[in-house]
>>> print(open('data.cif').read())   # mmCIF, C-alpha atoms and all ligand atoms
data_work
loop_
_atom_site.label_atom_id
_atom_site.label_comp_id
_atom_site.auth_asym_id
_atom_site.auth_seq_id
_atom_site.Cartn_x
_atom_site.Cartn_y
_atom_site.Cartn_z
CA ASN A 1 11.13 -19.92 4.85
CA VAL A 2 10.07 -21.03 1.40
CA PRO A 3 9.08 -24.70 1.07
CA LYS A 4 10.20 -26.80 -1.91
CA GLU A 5 6.73 -28.12 -2.61
CA GLN A 6 3.26 -26.58 -2.73
CA THR A 7 -0.36 -27.27 -3.71
CA VAL A 8 -1.66 -26.04 -7.08
CA ALA A 9 -4.81 -26.36 -9.20
CA ILE A 10 -3.75 -27.27 -12.72
CA PHE A 11 -5.26 -28.45 -16.01
CA ARG A 12 -3.41 -29.96 -18.94
CA GLN A 13 -5.85 -29.66 -21.83
CA LYS A 14 -8.75 -27.50 -22.99
CA GLY A 15 -11.89 -28.51 -21.15
CA GLY A 16 -9.99 -29.91 -18.16
CA PRO A 17 -10.13 -31.90 -15.98
CA LEU A 18 -8.84 -29.70 -13.22
CA SER A 19 -6.56 -31.40 -10.76
CA VAL A 20 -5.42 -30.25 -7.30
CA GLU A 21 -1.94 -31.63 -6.73
CA LYS A 22 1.59 -31.06 -5.41
CA ALA A 23 4.12 -29.16 -7.52
CA PRO A 24 7.57 -27.67 -7.01
CA VAL A 25 7.96 -24.03 -5.91
CA GLN A 26 9.77 -22.01 -8.63
CA LYS A 27 12.63 -19.54 -8.12
CA PRO A 28 12.10 -15.89 -9.13
CA GLN A 29 14.21 -14.74 -12.10
CA LYS A 30 15.22 -11.23 -13.19
CA GLY A 31 12.54 -8.66 -12.27
CA GLU A 32 10.34 -11.30 -10.64
CA ALA A 33 9.04 -11.80 -7.12
CA LEU A 34 7.84 -14.99 -5.47
CA VAL A 35 4.47 -14.30 -3.83
CA HIS A 36 3.03 -16.48 -1.08
CA VAL A 37 -0.60 -16.41 -2.20
CA ILE A 38 -2.93 -16.58 0.78
CA TYR A 39 -6.27 -15.97 -0.98
CA SER A 40 -7.42 -15.92 -4.58
CA GLY A 41 -10.76 -14.91 -5.99
CA VAL A 42 -12.30 -17.06 -8.73
CA CYS A 43 -13.23 -15.08 -11.85
CA HIS A 44 -15.48 -16.36 -14.63
CA THR A 45 -12.48 -15.76 -16.91
CA ASP A 46 -10.72 -18.68 -15.18
CA LEU A 47 -13.64 -20.88 -16.21
CA HIS A 48 -13.59 -19.58 -19.82
CA ALA A 49 -9.85 -20.40 -19.90
CA MET A 50 -10.33 -23.91 -18.63
CA LEU A 51 -13.17 -24.57 -21.07
CA GLY A 52 -11.04 -23.05 -23.86
CA ASP A 53 -14.03 -21.14 -25.20
CA TRP A 54 -12.21 -17.93 -26.24
CA PRO A 55 -10.52 -17.26 -29.61
CA LEU A 56 -7.12 -17.00 -27.86
CA ASP A 57 -4.77 -19.75 -26.78
CA ASN A 58 -3.48 -19.99 -23.24
CA LYS A 59 -0.42 -21.74 -21.84
CA LEU A 60 -0.81 -25.49 -21.22
CA PRO A 61 -0.57 -27.02 -18.72
CA LEU A 62 -1.97 -24.03 -16.86
CA ILE A 63 -2.36 -22.97 -13.25
CA GLY A 64 -5.19 -20.44 -13.46
CA GLY A 65 -6.15 -17.59 -11.16
CA HIS A 66 -5.63 -13.82 -11.35
CA GLU A 67 -7.11 -12.39 -8.17
CA GLY A 68 -4.24 -13.33 -5.89
CA ALA A 69 -3.54 -11.63 -2.57
CA GLY A 70 -0.46 -12.50 -0.58
CA VAL A 71 2.98 -11.58 0.66
CA VAL A 72 6.30 -11.25 -1.17
CA VAL A 73 8.70 -13.92 0.12
CA GLN A 74 11.63 -13.87 -2.35
CA LEU A 75 13.06 -11.52 -4.98
CA GLY A 76 14.85 -12.14 -8.25
CA PRO A 77 17.59 -9.72 -9.40
CA GLY A 78 16.29 -6.16 -9.84
CA ALA A 79 12.84 -6.82 -8.34
CA ASP A 80 13.79 -4.76 -5.27
CA GLU A 81 13.22 -1.67 -7.38
CA TYR A 82 9.49 -2.35 -7.04
CA VAL A 83 8.77 -4.48 -3.93
CA LYS A 84 10.46 -5.86 -0.85
CA VAL A 85 10.13 -9.09 1.08
CA GLY A 86 7.14 -8.84 3.42
CA ASP A 87 5.10 -6.50 1.19
CA ARG A 88 1.39 -7.32 0.89
CA VAL A 89 0.68 -7.47 -2.84
CA GLY A 90 -1.95 -8.40 -5.36
CA ILE A 91 -1.64 -10.46 -8.55
CA LYS A 92 -4.00 -9.06 -11.15
CA TRP A 93 -4.90 -10.29 -14.66
CA LEU A 94 -2.31 -8.06 -16.28
CA ALA A 95 0.84 -9.81 -15.13
CA ASP A 96 3.26 -7.75 -17.16
CA SER A 97 3.62 -5.20 -19.94
CA CYS A 98 6.74 -3.54 -21.37
CA LEU A 99 6.04 -0.06 -19.90
CA LYS A 100 7.97 1.43 -22.85
CA CYS A 101 5.69 1.22 -25.89
CA ASP A 102 3.17 3.75 -27.12
CA GLN A 103 0.25 1.98 -25.39
CA CYS A 104 2.09 1.62 -22.08
CA ARG A 105 3.29 5.23 -22.14
CA ARG A 106 -0.32 6.35 -22.52
CA GLY A 107 -1.37 4.17 -19.59
CA HIS A 108 -3.04 1.56 -21.82
CA GLU A 109 -0.98 -1.23 -20.31
CA PRO A 110 -3.54 -3.99 -21.05
CA ASN A 111 -3.16 -3.19 -24.76
CA CYS A 112 0.64 -3.59 -24.80
CA SER A 113 1.71 -6.09 -27.48
CA GLN A 114 4.07 -7.70 -24.94
CA ALA A 115 1.36 -8.07 -22.26
CA GLN A 116 1.34 -11.22 -20.15
CA CYS A 117 -1.74 -12.44 -18.30
CA SER A 118 -1.82 -14.23 -14.94
CA GLY A 119 -3.53 -17.58 -15.16
CA PHE A 120 -3.54 -17.44 -18.96
CA THR A 121 -0.18 -16.82 -20.64
CA MET A 122 1.64 -17.58 -17.38
CA ASP A 123 0.75 -19.53 -14.26
CA GLY A 124 -1.49 -17.60 -11.90
CA SER A 125 -2.76 -17.47 -8.33
CA PHE A 126 -4.34 -20.91 -7.89
CA GLN A 127 -1.11 -21.99 -6.20
CA GLN A 128 0.48 -21.22 -2.86
CA TYR A 129 3.67 -19.70 -4.31
CA ALA A 130 3.34 -17.73 -7.54
CA ILE A 131 6.03 -16.13 -9.68
CA ALA A 132 5.09 -12.56 -10.65
CA SER A 133 6.67 -9.67 -12.52
CA ALA A 134 7.42 -7.26 -9.67
CA ARG A 135 6.65 -4.11 -11.65
CA HIS A 136 3.01 -5.10 -12.15
CA LEU A 137 2.23 -6.22 -8.60
CA THR A 138 -0.42 -4.11 -6.88
CA PRO A 139 0.33 -2.85 -3.37
CA ILE A 140 -2.48 -3.79 -1.00
CA PRO A 141 -3.28 -0.94 1.41
CA ASP A 142 -3.34 -1.62 5.17
CA SER A 143 -7.03 -0.71 5.15
CA LEU A 144 -7.85 -3.99 3.35
CA ASP A 145 -7.38 -7.55 4.57
CA LEU A 146 -6.02 -9.99 1.97
CA GLU A 147 -9.27 -11.96 1.80
CA THR A 148 -11.45 -9.02 0.78
CA ALA A 149 -8.70 -7.52 -1.36
CA SER A 150 -8.43 -10.56 -3.63
CA PRO A 151 -11.63 -10.14 -5.71
CA LEU A 152 -10.82 -6.49 -6.25
CA LEU A 153 -7.71 -7.41 -8.24
CA CYS A 154 -9.71 -8.42 -11.29
CA ALA A 155 -13.42 -7.85 -10.67
CA GLY A 156 -12.86 -4.58 -8.80
CA VAL A 157 -10.23 -3.08 -11.11
CA THR A 158 -12.20 -4.06 -14.22
CA VAL A 159 -15.55 -2.60 -13.26
CA TYR A 160 -13.98 0.50 -11.72
CA ARG A 161 -12.40 1.17 -15.13
CA ALA A 162 -15.65 0.27 -16.94
CA VAL A 163 -17.55 2.82 -14.85
CA LYS A 164 -15.01 5.44 -16.02
CA GLU A 165 -15.46 4.34 -19.64
CA ALA A 166 -19.22 4.95 -19.35
CA ARG A 167 -18.43 8.69 -19.18
CA LEU A 168 -21.43 9.65 -17.07
CA THR A 169 -22.11 12.71 -14.98
CA PRO A 170 -23.43 12.41 -11.41
CA GLY A 171 -27.17 11.82 -11.32
CA GLU A 172 -27.25 9.87 -14.58
CA THR A 173 -28.48 6.28 -14.64
CA VAL A 174 -26.48 3.19 -15.57
CA ALA A 175 -27.73 -0.35 -16.09
CA ILE A 176 -25.41 -2.97 -14.64
CA VAL A 177 -26.01 -6.19 -16.56
CA GLY A 178 -25.02 -9.25 -14.52
CA ALA A 179 -25.35 -7.18 -11.34
CA GLY A 180 -25.43 -10.18 -9.00
CA GLY A 181 -22.17 -11.69 -10.25
CA GLY A 182 -18.57 -11.16 -9.19
CA LEU A 183 -17.96 -8.17 -11.42
CA GLY A 184 -21.53 -6.90 -11.33
CA HIS A 185 -21.97 -6.58 -7.57
CA LEU A 186 -18.84 -4.43 -7.42
CA ALA A 187 -19.87 -2.41 -10.49
CA VAL A 188 -23.12 -1.46 -8.71
CA GLN A 189 -21.09 -0.02 -5.83
CA TYR A 190 -18.39 1.77 -7.84
CA ALA A 191 -21.19 3.39 -9.86
CA VAL A 192 -23.12 4.45 -6.76
CA ASN A 193 -19.91 5.78 -5.22
CA ALA A 194 -19.36 7.91 -8.33
CA GLY A 195 -22.82 9.46 -7.93
CA TYR A 196 -24.68 7.47 -10.57
CA ARG A 197 -28.08 5.83 -10.22
CA VAL A 198 -28.13 2.08 -10.83
CA ILE A 199 -30.58 -0.28 -12.49
CA ALA A 200 -29.51 -3.85 -11.82
CA ILE A 201 -30.21 -6.60 -14.35
CA ASP A 202 -29.75 -10.25 -13.38
CA SER A 203 -31.93 -13.12 -12.23
CA GLY A 204 -33.34 -14.61 -9.03
CA ALA A 205 -34.30 -13.42 -5.55
CA GLU A 206 -30.82 -13.78 -4.05
CA LYS A 207 -29.15 -11.58 -6.67
CA GLU A 208 -32.00 -9.06 -6.49
CA LYS A 209 -31.57 -8.77 -2.73
CA LEU A 210 -27.81 -8.43 -3.11
CA ALA A 211 -27.99 -5.75 -5.81
CA ARG A 212 -30.60 -3.71 -3.95
CA SER A 213 -28.67 -3.94 -0.67
CA LEU A 214 -25.63 -2.49 -2.46
CA GLY A 215 -27.53 0.53 -3.76
CA ALA A 216 -29.37 -0.47 -6.94
CA GLU A 217 -32.64 1.50 -7.19
CA ALA A 218 -34.35 -0.97 -9.50
CA PHE A 219 -33.95 -4.61 -10.47
CA VAL A 220 -35.04 -6.26 -13.70
CA ASP A 221 -35.05 -10.07 -13.84
CA PHE A 222 -33.83 -11.03 -17.32
CA ALA A 223 -35.21 -14.56 -17.02
CA LYS A 224 -38.72 -13.51 -16.00
CA GLU A 225 -39.30 -10.31 -17.96
CA LYS A 226 -41.03 -10.87 -21.30
CA ASP A 227 -40.26 -7.41 -22.65
CA LEU A 228 -36.88 -6.63 -21.12
CA VAL A 229 -36.31 -3.48 -23.20
CA GLN A 230 -39.55 -1.91 -22.03
CA ALA A 231 -39.04 -3.05 -18.44
CA VAL A 232 -35.61 -1.41 -18.30
CA LYS A 233 -36.86 1.82 -19.89
CA ASP A 234 -39.79 1.88 -17.45
CA THR A 235 -37.42 2.07 -14.50
CA THR A 236 -36.35 5.58 -15.57
CA ALA A 237 -38.68 8.50 -14.78
CA ASP A 238 -39.04 9.70 -18.39
CA LYS A 239 -39.03 6.13 -19.77
CA GLN A 240 -36.10 6.96 -22.06
CA GLY A 241 -33.82 4.37 -20.51
CA PRO A 242 -30.40 4.51 -18.83
CA SER A 243 -27.50 6.66 -20.12
CA ALA A 244 -25.15 3.69 -20.08
CA ALA A 245 -25.17 -0.07 -19.78
CA ILE A 246 -22.15 -1.90 -18.41
CA VAL A 247 -22.52 -5.47 -19.61
CA ALA A 248 -20.68 -7.65 -17.12
CA ALA A 249 -22.50 -10.91 -17.84
CA SER A 250 -20.77 -14.05 -19.06
CA GLY A 251 -23.63 -15.00 -21.40
CA GLY A 252 -24.19 -13.61 -24.91
CA LYS A 253 -27.89 -12.85 -24.48
CA ALA A 254 -26.99 -9.95 -22.18
CA TYR A 255 -25.71 -8.02 -25.19
CA GLU A 256 -28.80 -8.53 -27.33
CA GLN A 257 -31.07 -5.81 -26.05
CA ALA A 258 -28.69 -3.34 -24.44
CA LEU A 259 -28.55 -1.00 -27.45
CA ASP A 260 -32.35 -0.93 -27.57
CA TYR A 261 -32.98 0.18 -24.00
CA LEU A 262 -30.19 2.77 -23.97
CA ARG A 263 -31.18 6.40 -23.90
CA PRO A 264 -30.20 8.51 -26.94
CA ARG A 265 -26.46 9.35 -26.71
CA GLY A 266 -26.10 6.36 -24.39
CA THR A 267 -22.96 4.23 -24.01
CA LEU A 268 -22.70 0.46 -24.12
CA VAL A 269 -19.62 -0.67 -22.21
CA ALA A 270 -18.71 -4.23 -23.20
CA VAL A 271 -17.00 -6.07 -20.34
CA GLY A 272 -18.40 -9.62 -20.21
CA LEU A 273 -16.69 -12.04 -22.60
CA PRO A 274 -19.18 -14.66 -23.77
CA PRO A 275 -17.80 -16.92 -26.51
CA ASP A 276 -18.94 -16.43 -30.13
CA THR A 277 -20.95 -13.28 -29.51
CA ASN A 278 -21.47 -10.28 -31.78
CA ILE A 279 -23.06 -6.99 -30.82
CA GLN A 280 -25.77 -6.39 -33.41
CA ALA A 281 -25.84 -2.65 -33.90
CA ASN A 282 -28.36 -1.35 -36.40
CA VAL A 283 -26.53 1.40 -38.26
CA PHE A 284 -29.57 3.66 -38.65
CA PHE A 285 -30.41 3.66 -34.94
CA THR A 286 -26.76 3.83 -33.86
CA VAL A 287 -26.50 7.07 -35.84
CA PHE A 288 -29.99 8.38 -35.07
CA LYS A 289 -29.62 7.78 -31.31
CA ALA A 290 -25.93 8.85 -31.42
CA LEU A 291 -24.90 5.76 -29.47
CA HIS A 292 -21.47 4.93 -28.16
CA ILE A 293 -20.09 1.37 -28.06
CA VAL A 294 -16.84 0.78 -26.17
CA GLY A 295 -14.88 -2.23 -25.00
CA SER A 296 -13.28 -2.09 -21.56
CA TYR A 297 -10.45 -4.50 -20.77
CA VAL A 298 -9.36 -4.74 -17.12
CA GLY A 299 -7.46 -1.59 -16.01
CA ASN A 300 -3.94 -0.23 -15.64
CA ARG A 301 -1.75 -0.07 -12.50
CA GLN A 302 -3.32 3.24 -11.50
CA ASP A 303 -6.88 1.87 -11.83
CA ALA A 304 -5.80 -1.00 -9.57
CA ILE A 305 -4.52 1.38 -6.90
CA GLU A 306 -7.58 3.64 -7.10
CA SER A 307 -10.11 0.79 -6.98
CA LEU A 308 -8.45 -0.79 -3.92
CA ASP A 309 -8.24 2.59 -2.20
CA ILE A 310 -11.98 3.20 -2.64
CA ALA A 311 -12.77 -0.20 -1.13
CA GLY A 312 -10.25 0.41 1.65
CA ARG A 313 -12.20 3.52 2.58
CA GLY A 314 -15.34 1.41 2.95
CA LYS A 315 -17.15 2.70 -0.14
CA VAL A 316 -17.23 -0.71 -1.84
CA LYS A 317 -17.78 -4.02 -0.06
CA VAL A 318 -16.73 -7.38 -1.44
CA ILE A 319 -19.53 -9.90 -0.92
CA HIS A 320 -17.91 -13.30 -0.91
CA LYS A 321 -17.80 -16.83 0.40
CA THR A 322 -14.44 -18.41 1.19
CA VAL A 323 -13.72 -22.09 0.48
CA GLY A 324 -10.62 -24.28 0.14
CA LEU A 325 -8.62 -24.67 -3.10
CA SER A 326 -9.80 -28.27 -3.36
CA SER A 327 -13.38 -27.01 -3.92
CA LEU A 328 -12.46 -25.31 -7.19
CA PRO A 329 -13.95 -27.98 -9.53
CA ASP A 330 -17.26 -27.72 -7.68
CA ILE A 331 -17.10 -23.90 -7.77
CA TYR A 332 -16.73 -24.03 -11.57
CA ASP A 333 -19.89 -26.16 -11.80
CA GLN A 334 -21.84 -23.66 -9.72
CA MET A 335 -20.43 -20.76 -11.73
CA HIS A 336 -21.38 -22.42 -15.00
CA ALA A 337 -24.94 -22.77 -13.69
CA GLY A 338 -25.05 -19.07 -12.70
CA LYS A 339 -25.60 -19.97 -9.05
CA ILE A 340 -22.97 -17.77 -7.42
CA ALA A 341 -24.05 -14.40 -6.01
CA GLY A 342 -21.01 -12.15 -5.41
CA ARG A 343 -17.57 -13.77 -5.47
CA ILE A 344 -15.96 -17.01 -4.33
CA VAL A 345 -12.57 -16.65 -2.64
CA LEU A 346 -10.19 -19.59 -2.30
CA ASP A 347 -8.14 -20.09 0.86
CA LEU A 348 -4.90 -21.55 -0.52
CA ASP A 349 -4.05 -23.24 2.76
CA LYS A 350 -7.22 -25.39 2.69
O1 LIG B 1 -11.54 -7.02 -18.65
C1 LIG B 1 -12.66 -7.51 -18.82
N1 LIG B 1 -13.47 -7.04 -19.74
C2 LIG B 1 -13.09 -8.63 -17.95
C3 LIG B 1 -12.46 -8.85 -16.71
C4 LIG B 1 -12.93 -9.86 -15.90
C5 LIG B 1 -13.97 -10.68 -16.32
C6 LIG B 1 -14.11 -9.47 -18.35
N2 LIG B 1 -14.51 -10.46 -17.54
C7 LIG B 1 -15.65 -11.30 -18.01
C8 LIG B 1 -15.62 -12.75 -17.62
O2 LIG B 1 -14.75 -13.48 -18.46
C9 LIG B 1 -17.07 -13.11 -17.80
O3 LIG B 1 -17.38 -13.34 -19.17
O4 LIG B 1 -16.83 -10.79 -17.41
C10 LIG B 1 -17.81 -11.84 -17.35
C11 LIG B 1 -18.39 -11.90 -15.96
O5 LIG B 1 -17.42 -12.36 -15.04
P1 LIG B 1 -17.84 -12.68 -13.51
O6 LIG B 1 -18.45 -11.50 -12.90
O7 LIG B 1 -16.65 -13.31 -12.88
O8 LIG B 1 -18.96 -13.82 -13.74
P2 LIG B 1 -20.12 -14.32 -12.74
O9 LIG B 1 -19.74 -14.07 -11.32
O10 LIG B 1 -20.43 -15.69 -13.17
O11 LIG B 1 -21.34 -13.35 -13.05
C12 LIG B 1 -22.03 -13.34 -14.26
C13 LIG B 1 -23.44 -12.85 -13.99
O12 LIG B 1 -24.08 -12.61 -15.24
C14 LIG B 1 -25.45 -12.95 -15.10
C15 LIG B 1 -25.38 -14.22 -14.26
O13 LIG B 1 -26.66 -14.49 -13.63
C16 LIG B 1 -24.30 -13.86 -13.23
O14 LIG B 1 -24.84 -13.27 -12.05
N3 LIG B 1 -26.08 -13.05 -16.41
C17 LIG B 1 -25.98 -13.96 -17.41
I1 LIG B 1 -24.81 -15.55 -17.43
N4 LIG B 1 -26.76 -13.68 -18.47
C18 LIG B 1 -27.38 -12.52 -18.16
C19 LIG B 1 -28.29 -11.70 -18.87
N5 LIG B 1 -28.76 -12.05 -20.08
C20 LIG B 1 -26.94 -12.10 -16.87
N6 LIG B 1 -27.37 -10.95 -16.33
C21 LIG B 1 -28.23 -10.20 -17.05
N7 LIG B 1 -28.70 -10.55 -18.28
ZN ZN B 2 -10.96 -11.86 -14.01
#
>>> encode(input="data.cif", output="structure tokens")
Amino acid sequence: NVPKEQTVAIFRQKGGPLSVEKAPVQKPQKGEALVHVIYSGVCHTDLHAMLGDWPLDNKLPLIGGHEGAGVVVQLGPGADEYVKVGDRVGIKWLADSCLKCDQCRRGHEPNCSQAQCSGFTMDGSFQQYAIASARHLTPIPDSLDLETASPLLCAGVTVYRAVKEARLTPGETVAIVGAGGGLGHLAVQYAVNAGYRVIAIDSGAEKEKLARSLGAEAFVDFAKEKDLVQAVKDTTADKQGPSAAIVAASGGKAYEQALDYLRPRGTLVAVGLPPDTNIQANVFFTVFKALHIVGSYVGNRQDAIESLDIAGRGKVKVIHKTVGLSSLPDIYDQMHAGKIAGRIVLDLDK
């Protein structure tokens, strides 16, 4: 029973405003499924998109959102190859890729030149009924309820992949920068689950408590610490610093000192996407310390399945607060001010 009308959160120009209003429900075309979205996480990327602060253009008007969890209610021609009506599925950032090109064949689906992004190049999960390319939907295992599954579809997948890109061996130490945020609090847990030791970097008592409760062995407050580089190095027994830093902060400052506190041969994994930010890498010390700098951009379909499976087995917990779709403007204000610990999940029926 698919209604003709639904509630969506939409904006029509860069910078907003965001408006919660009624809109028609679309019909799925070839290869597409219509997903009844029950919950959607709110990623900082959705805020970047609304503010228009990235060097990429998105669709306008745009319905954002790319952490959707719901149920398939209708199929377009050919979509039955991938899903059936009633399946519990997730809408992730990577909405589609060709699956035929060199990048796709190697599993680098996010780097496909035909890639589409939910809540960016096509309408996303901040609506009750979303059109999705069936071949890129993520099956949600029975071990996860839709509410906790939703933040895993971007934050979880992304940091799970970033932890892989850090190329650590068990027992090594990783700094998670932005550890109290949506991505960060999950990164702490995926790292711990993989056998790594975690230094959390973020600010404030609430985020410190959160990060420590999830397994971080040390916490460095970036706003309070005068000599952040030394403070981070001091958390490691030999004072040489962590073997990797996964920067999952939305602000540019987080990138400034990471190369300086990394241990020789250390890896900087760039995940957070602050506008207008460069990583300043001194060539001499990059060579002399044999540093590694890598970008990590969401994950492929397999990373999505693996990251949800780990959470389904109880190894990673999503710390979240659930509010109604109509609260989204207020949530963006809080996010902009860095006040959200963990993730916000939207209940699309409220
Ligand atoms: O594929 C990707 N690479 C990908 C996927 C998803 C999201 C990248 N992102 C990007 C988002 O676009 C955003 O820029 O990752 C960034 C973080 O997203 P988020 O986790 O959804 O944001 P959040 O919940 O607001 O958390 C950010 C945290 O960073 C901390 C804040 O206190 C907050 O807890 N932070 C900041 I801002 N500056 C910091 C600093 N200098 C910092 N933590 C440590 N040091
Ligand atoms: Zn995201």
>>> closest_atom_pairs(input="data.cif", of="region 99-189 of chain A", to="region 214-238 of chain A", cutoff="8 Å", atoms="only C-alpha atoms", output="tab-separated table")
residue	atom	partner	partner_atom	distance
A:Thr173	CA	A:Thr236	CA	8.0
A:His185	CA	A:Leu214	CA	7.5
A:Val188	CA	A:Ala216	CA	6.6
A:Gln189	CA	A:Leu214	CA	6.2
>>> closest_atom_pairs(input="data.cif", of="chain A", to="ligand ZN 2 (chain B)", cutoff="9 Å", atoms="all atoms listed in the file", output="tab-separated table")
residue	atom	partner	partner_atom	distance
A:Gly41	CA	B:ZN2	ZN	8.6
A:Val42	CA	B:ZN2	ZN	7.5
A:Cys43	CA	B:ZN2	ZN	4.5
A:His44	CA	B:ZN2	ZN	6.4
A:Thr45	CA	B:ZN2	ZN	5.1
A:Asp46	CA	B:ZN2	ZN	6.9
A:Gly65	CA	B:ZN2	ZN	8.0
A:His66	CA	B:ZN2	ZN	6.3
A:Glu67	CA	B:ZN2	ZN	7.0
A:Lys92	CA	B:ZN2	ZN	8.0
A:Trp93	CA	B:ZN2	ZN	6.3
A:Pro151	CA	B:ZN2	ZN	8.5
A:Leu153	CA	B:ZN2	ZN	8.0
A:Cys154	CA	B:ZN2	ZN	4.6
A:Ala155	CA	B:ZN2	ZN	5.8
A:Thr158	CA	B:ZN2	ZN	7.9
A:Leu183	CA	B:ZN2	ZN	8.3
A:Val298	CA	B:ZN2	ZN	7.9
>>> write_last_selection(input="data.cif", atoms="C-alpha atoms", output="compact mmCIF listing (two decimals), keeping the file's coordinate frame")
# COMPACT_ATOMS: atom_id res chain seq x y z
CA GLY A 41 -10.76 -14.91 -5.99
CA VAL A 42 -12.30 -17.06 -8.73
CA CYS A 43 -13.23 -15.08 -11.85
CA HIS A 44 -15.48 -16.36 -14.63
CA THR A 45 -12.48 -15.76 -16.91
CA ASP A 46 -10.72 -18.68 -15.18
CA GLY A 65 -6.15 -17.59 -11.16
CA HIS A 66 -5.63 -13.82 -11.35
CA GLU A 67 -7.11 -12.39 -8.17
CA LYS A 92 -4.00 -9.06 -11.15
CA TRP A 93 -4.90 -10.29 -14.66
CA PRO A 151 -11.63 -10.14 -5.71
CA LEU A 153 -7.71 -7.41 -8.24
CA CYS A 154 -9.71 -8.42 -11.29
CA ALA A 155 -13.42 -7.85 -10.67
CA THR A 158 -12.20 -4.06 -14.22
CA LEU A 183 -17.96 -8.17 -11.42
CA VAL A 298 -9.36 -4.74 -17.12
>>> closest_atom_pairs(input="data.cif", of="chain A", to="ligand LIG 1 (chain B)", cutoff="7 Å", atoms="all atoms listed in the file", output="Markdown table")
| residue | atom | partner | partner_atom | distance |
| --- | --- | --- | --- | --- |
| A:Cys43 | CA | B:LIG1 | O7 | 4.0 |
| A:His44 | CA | B:LIG1 | O7 | 3.7 |
| A:Thr45 | CA | B:LIG1 | O2 | 3.6 |
| A:His48 | CA | B:LIG1 | O2 | 6.4 |
| A:Cys154 | CA | B:LIG1 | C4 | 5.8 |
| A:Ala155 | CA | B:LIG1 | C4 | 5.6 |
| A:Thr158 | CA | B:LIG1 | O1 | 5.4 |
| A:Val177 | CA | B:LIG1 | C21 | 4.6 |
| A:Gly178 | CA | B:LIG1 | N6 | 3.4 |
| A:Ala179 | CA | B:LIG1 | O14 | 6.2 |
| A:Gly180 | CA | B:LIG1 | O14 | 4.4 |
| A:Gly181 | CA | B:LIG1 | O11 | 3.4 |
| A:Gly182 | CA | B:LIG1 | O6 | 3.7 |
| A:Leu183 | CA | B:LIG1 | O6 | 3.7 |
| A:Gly184 | CA | B:LIG1 | O6 | 5.8 |
| A:Ile201 | CA | B:LIG1 | C21 | 4.9 |
| A:Asp202 | CA | B:LIG1 | N6 | 3.9 |
| A:Ser203 | CA | B:LIG1 | O13 | 5.6 |
| A:Phe222 | CA | B:LIG1 | N7 | 5.2 |
| A:Ala248 | CA | B:LIG1 | C11 | 5.0 |
| A:Ala249 | CA | B:LIG1 | O12 | 3.5 |
| A:Ser250 | CA | B:LIG1 | O3 | 3.5 |
| A:Gly251 | CA | B:LIG1 | I1 | 4.2 |
| A:Gly252 | CA | B:LIG1 | N5 | 6.8 |
| A:Lys253 | CA | B:LIG1 | N5 | 4.6 |
| A:Ala254 | CA | B:LIG1 | N5 | 3.5 |
| A:Ala270 | CA | B:LIG1 | N1 | 6.9 |
| A:Val271 | CA | B:LIG1 | N1 | 3.7 |
| A:Gly272 | CA | B:LIG1 | O4 | 3.4 |
| A:Leu273 | CA | B:LIG1 | O3 | 3.7 |
| A:Pro274 | CA | B:LIG1 | O3 | 5.1 |
| A:Ser296 | CA | B:LIG1 | N1 | 5.3 |
| A:Tyr297 | CA | B:LIG1 | O1 | 3.5 |
| A:Val298 | CA | B:LIG1 | O1 | 3.5 |
| A:Met335 | CA | B:LIG1 | O10 | 5.3 |
| A:Gly338 | CA | B:LIG1 | O13 | 4.9 |
| A:Ile340 | CA | B:LIG1 | O9 | 6.3 |
| A:Ala341 | CA | B:LIG1 | O14 | 6.2 |
| A:Gly342 | CA | B:LIG1 | O9 | 6.3 |
| A:Arg343 | CA | B:LIG1 | O9 | 6.2 |
>>> atom_distance(input="data.cif", atom1="CA of Val8 (chain A)", atom2="CA of Ser307 (chain A)")
28.1 Å
>>> closest_atom_pairs(input="data.cif", of="region 150-230 of chain A", to="region 242-247 of chain A", cutoff="8 Å", atoms="all atoms listed in the file", output="tab-separated table")
residue	atom	partner	partner_atom	distance
A:Ala162	CA	A:Ile246	CA	7.0
A:Val163	CA	A:Ile246	CA	7.5
A:Ala166	CA	A:Ala244	CA	6.1
A:Leu168	CA	A:Ser243	CA	7.4
A:Glu172	CA	A:Ser243	CA	6.4
A:Thr173	CA	A:Pro242	CA	4.9
A:Val174	CA	A:Ala244	CA	4.7
A:Ala175	CA	A:Ala245	CA	4.5
A:Ile176	CA	A:Ile246	CA	5.1
A:Val177	CA	A:Val247	CA	4.7
A:Gly178	CA	A:Val247	CA	6.8
A:Ile199	CA	A:Pro242	CA	7.9
>>> write_last_selection(input="data.cif", atoms="C-alpha atoms", output="PDB file, in the frame of the given file")
ATOM      1  CA  ALA A 162     -15.650   0.270 -16.940  1.00  0.00           C
ATOM      2  CA  VAL A 163     -17.550   2.820 -14.850  1.00  0.00           C
ATOM      3  CA  ALA A 166     -19.220   4.950 -19.350  1.00  0.00           C
ATOM      4  CA  LEU A 168     -21.430   9.650 -17.070  1.00  0.00           C
ATOM      5  CA  GLU A 172     -27.250   9.870 -14.580  1.00  0.00           C
ATOM      6  CA  THR A 173     -28.480   6.280 -14.640  1.00  0.00           C
ATOM      7  CA  VAL A 174     -26.480   3.190 -15.570  1.00  0.00           C
ATOM      8  CA  ALA A 175     -27.730  -0.350 -16.090  1.00  0.00           C
ATOM      9  CA  ILE A 176     -25.410  -2.970 -14.640  1.00  0.00           C
ATOM     10  CA  VAL A 177     -26.010  -6.190 -16.560  1.00  0.00           C
ATOM     11  CA  GLY A 178     -25.020  -9.250 -14.520  1.00  0.00           C
ATOM     12  CA  ILE A 199     -30.580  -0.280 -12.490  1.00  0.00           C
TER      13      ILE A 199
END
